[in-house]
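As structure tokens, the structure follows; a few thoughts come after it.
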Amino acid sequence: MGDQKLSTAENHDASAQSEMTSRVGVVAIGRNEGQRLIQCLDSLAPSGLQVIYVDSASTDGSVAAAQSRGAHVLDLDLTIPFTAARARNEGFAQLMSIAPDIEYVQFVDGDCQIEEGWIEAAINFLDQNSKVAVVCGRRRERFPDASLYNKVCDQEWNTAIGESYACGGDALMRVEDLIVVDGYNERLIAGEEPELCSRMRAKEMRIWRIDQPMTIHDAAMHSFRQYWLRAVRSGFGYAQVWWTTRQVGQALYGRELARAFFWTIFLPLLIVVGTFFNPLCLLLLPCIYAAQISRMALRQGAHESFSWKLAALNMGGKFGETLGIFRFISRVLRGQQGGAILYK
């Protein structure tokens with residue numbers, strides 16, 4: 001009797017597994033992720049899903065590692081500027097050519113490991129909520145205490161549960177809805193997920209974050225230079241997404257652009273003008289910056305030293321964002337499309 005029950009349970013699991021593999025496929029993207037990519041693909045192996053790995057000119061053996069794990073590898077044509085958005089679109093097209101009948105696609109970045117039970121939970125949620133086009137869950141850092149910058153990333157991932165205006169790079173999407181909006185905007189260097197979600201929401205599709213572990217991310221950020229480049233990339237993305245979405249009347253990231261310009265350009269210029277009337281006005285600038293850092297730290301919990309470090313980094317990051325904004329303006333003026341801005 002015990003063997004019969006065990007056999008019944010095994011048959012049920014096999015049936016459920018077979019059903020999931022016929023309904024879901026995976027698109028993973030990466031560039032020189034090394035061991036992180038191996039962990040990503042190994043976390044998908046038990047599911048038996050079709051996996052497309054899109055590689056952007058890796059030189060660390062990522063392609064061979066993906067092939068050895070049964071993933072279908074797609075090398076991006078380097079004569080065309082590559083972006084994460086383009087990688088996801090081409091990976092999705094390849095997936096549809098292999099498995100045209102799937103209902104859902106799981107996108108995942110190559111530096112992320114899929115949590116056990118995530119895909120099943122995400123499918124179940126979309127099955128029960130037909131108006132939801134995208135579902136995402138909780139992302140956490142693998143080594144949050146390895147550096148201050150990793151810890152900053154770990155805190156960024158701690159977003160609210162419920163209906164959301166956007167998802168991140170890791171998300172399960174309804175195939176038919178992704179096709180309706182023509183996928184990602186391949187020209188975007190950053191911010192491609194919020195831009196995609198804005199087009200979905202314009203068609204009354206909904207984005208949802210559920211209280212379920214989704215991915216383990218490895219930022220591998222151990223220097224201020226990496227943090228600075230990430231801020232530059234964010235600023236570039238804010239400007240590019242704002243420029244793109246304003247043309248359809250749904251401009252995104254206007255507040256982020258305004259904040260960056262206020263703290264790095266408008267306020268300093270105002271103080272400089274004030275010095276013509278009173279040289280002591282120059283002393284106001286560091287005082288105002290210190291007051292803003294204190295305000296942000298108090299909001300996070302001033303008794304923790306991390307709150308002060310985070311506040312100072314956020315303020316310094318505004319200068320990186322402004323540099324990224326001007327990089328975008330420069331490329332527009334020169335008529336250049338440009339490729340990805342990397343911090344790893």
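FYI, nothing fancy with the structure tokens labels: chains A, B, ... in order, residues from 1 per chain, ligands from 1 as they appear.
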Please report as JSON lines every residue of region 236-255 of chain A lying within 9 Å of region 178-202 of chain A, along with the nearest atom pair and their distance in Å (one decimal), using only C-alpha atoms.
```
{"residue": "A:Phe236", "atom": "CA", "partner": "A:Ala190", "partner_atom": "CA", "distance": 7.2}
{"residue": "A:Gly237", "atom": "CA", "partner": "A:Ala190", "partner_atom": "CA", "distance": 4.3}
{"residue": "A:Tyr238", "atom": "CA", "partner": "A:Gly191", "partner_atom": "CA", "distance": 6.8}
{"residue": "A:Gln240", "atom": "CA", "partner": "A:Leu188", "partner_atom": "CA", "distance": 6.6}
{"residue": "A:Val241", "atom": "CA", "partner": "A:Gly191", "partner_atom": "CA", "distance": 6.4}
{"residue": "A:Trp242", "atom": "CA", "partner": "A:Glu195", "partner_atom": "CA", "distance": 9.0}
{"residue": "A:Thr244", "atom": "CA", "partner": "A:Glu195", "partner_atom": "CA", "distance": 8.5}
{"residue": "A:Thr245", "atom": "CA", "partner": "A:Glu195", "partner_atom": "CA", "distance": 7.2}
{"residue": "A:Gln250", "atom": "CA", "partner": "A:Ser198", "partner_atom": "CA", "distance": 7.6}
{"residue": "A:Leu252", "atom": "CA", "partner": "A:Glu195", "partner_atom": "CA", "distance": 7.7}
```
Would you output that residue set with N, CA and C atoms, as a PDB file, in the first residue's frame?
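Contents of again_5.pdb, as written:
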```
ATOM      1  N   PHE A 236      21.208  57.789 -17.297  1.00  0.00           N
ATOM      2  CA  PHE A 236      21.025  57.631 -18.738  1.00  0.00           C
ATOM      3  C   PHE A 236      19.661  57.000 -19.017  1.00  0.00           C
ATOM      4  N   GLY A 237      19.341  55.952 -18.243  1.00  0.00           N
ATOM      5  CA  GLY A 237      18.063  55.271 -18.420  1.00  0.00           C
ATOM      6  C   GLY A 237      16.880  56.174 -18.127  1.00  0.00           C
ATOM      7  N   TYR A 238      16.964  56.967 -17.045  1.00  0.00           N
ATOM      8  CA  TYR A 238      15.877  57.903 -16.723  1.00  0.00           C
ATOM      9  C   TYR A 238      15.598  58.817 -17.910  1.00  0.00           C
ATOM     10  N   GLN A 240      16.539  58.504 -21.132  1.00  0.00           N
ATOM     11  CA  GLN A 240      16.122  57.825 -22.355  1.00  0.00           C
ATOM     12  C   GLN A 240      14.669  57.360 -22.279  1.00  0.00           C
ATOM     13  N   VAL A 241      14.272  56.814 -21.126  1.00  0.00           N
ATOM     14  CA  VAL A 241      12.888  56.367 -20.966  1.00  0.00           C
ATOM     15  C   VAL A 241      11.939  57.565 -20.964  1.00  0.00           C
ATOM     16  N   TRP A 242      12.336  58.656 -20.284  1.00  0.00           N
ATOM     17  CA  TRP A 242      11.496  59.866 -20.281  1.00  0.00           C
ATOM     18  C   TRP A 242      11.320  60.379 -21.714  1.00  0.00           C
ATOM     19  N   THR A 244      11.536  58.751 -24.476  1.00  0.00           N
ATOM     20  CA  THR A 244      10.749  57.805 -25.274  1.00  0.00           C
ATOM     21  C   THR A 244       9.273  57.851 -24.915  1.00  0.00           C
ATOM     22  N   THR A 245       8.978  57.845 -23.617  1.00  0.00           N
ATOM     23  CA  THR A 245       7.575  57.765 -23.189  1.00  0.00           C
ATOM     24  C   THR A 245       6.834  59.096 -23.300  1.00  0.00           C
ATOM     25  N   GLN A 250       2.936  59.495 -21.830  1.00  0.00           N
ATOM     26  CA  GLN A 250       3.028  58.805 -20.549  1.00  0.00           C
ATOM     27  C   GLN A 250       4.457  58.888 -20.012  1.00  0.00           C
ATOM     28  N   LEU A 252       7.709  58.847 -18.151  1.00  0.00           N
ATOM     29  CA  LEU A 252       8.174  58.236 -16.911  1.00  0.00           C
ATOM     30  C   LEU A 252       9.459  58.909 -16.448  1.00  0.00           C
TER      31      LEU A 252
END
```
Selection near Ser68 (chain A), 12 Å with only C-alpha atoms, sequence-local residues under 4 positions removed, as a PyMOL selection string:
chain A and resi 38+41-42+45+53+61-64+72-73
How about saving the chosen residues, N, CA and C atoms kept, as a tab-separated table (two decimals), in the first residue's frame?
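Writing done, so here's part-v3.tsv:
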```
chain	number	residue	atom	x	y	z
A	38	ILE	N	26.22	29.90	-14.05
A	38	ILE	CA	26.11	28.47	-13.75
A	38	ILE	C	25.06	28.23	-12.66
A	41	LEU	N	21.54	28.75	-14.21
A	41	LEU	CA	21.07	27.64	-15.04
A	41	LEU	C	20.83	26.38	-14.21
A	42	ASP	N	21.68	26.14	-13.22
A	42	ASP	CA	21.49	24.97	-12.35
A	42	ASP	C	20.19	25.07	-11.55
A	45	ALA	N	17.47	23.75	-13.80
A	45	ALA	CA	17.56	22.37	-14.27
A	45	ALA	C	16.46	21.46	-13.74
A	53	TYR	N	19.48	30.79	-23.55
A	53	TYR	CA	20.46	31.70	-22.96
A	53	TYR	C	20.98	32.62	-24.05
A	61	GLY	N	33.79	31.92	-21.00
A	61	GLY	CA	33.31	30.54	-21.09
A	61	GLY	C	31.84	30.38	-20.79
A	62	SER	N	31.08	31.48	-20.73
A	62	SER	CA	29.66	31.40	-20.42
A	62	SER	C	28.89	30.57	-21.44
A	63	VAL	N	29.23	30.73	-22.72
A	63	VAL	CA	28.53	30.00	-23.77
A	63	VAL	C	28.70	28.50	-23.59
A	64	ALA	N	29.94	28.06	-23.38
A	64	ALA	CA	30.20	26.63	-23.19
A	64	ALA	C	29.49	26.10	-21.95
A	72	HIS	N	19.65	26.33	-24.87
A	72	HIS	CA	19.82	26.76	-26.25
A	72	HIS	C	20.52	28.12	-26.21
A	73	VAL	N	21.68	28.21	-26.83
A	73	VAL	CA	22.48	29.43	-26.75
A	73	VAL	C	22.29	30.28	-28.00
```
Tell me which protein, DNA and RNA residues are within 10 Å of Asp177 (chain A), counting only C-alpha atoms, leaving out same-chain ones fewer than 6 positions away, and put them as a PyMOL selection string.
chain A and resi 103-104+131-134+183+200+203+205
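Residue nearest Glu163 (chain A), chosen from A:Val332, A:Ile207, A:Leu74, A:Ala239 and counting only C-alpha atoms: A:Ile207.
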Contact residues around Lys309 (chain A) with only C-alpha atoms at 12 Å, ignoring same-chain residues under 5 positions, as a PyMOL selection string:
chain A and resi 147-149+151-152+293-294+296-298+300-304+314-317
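The space separating CA of Trp157 (chain A) from CA of Gly169 (chain A) comes to 11.6 Å.
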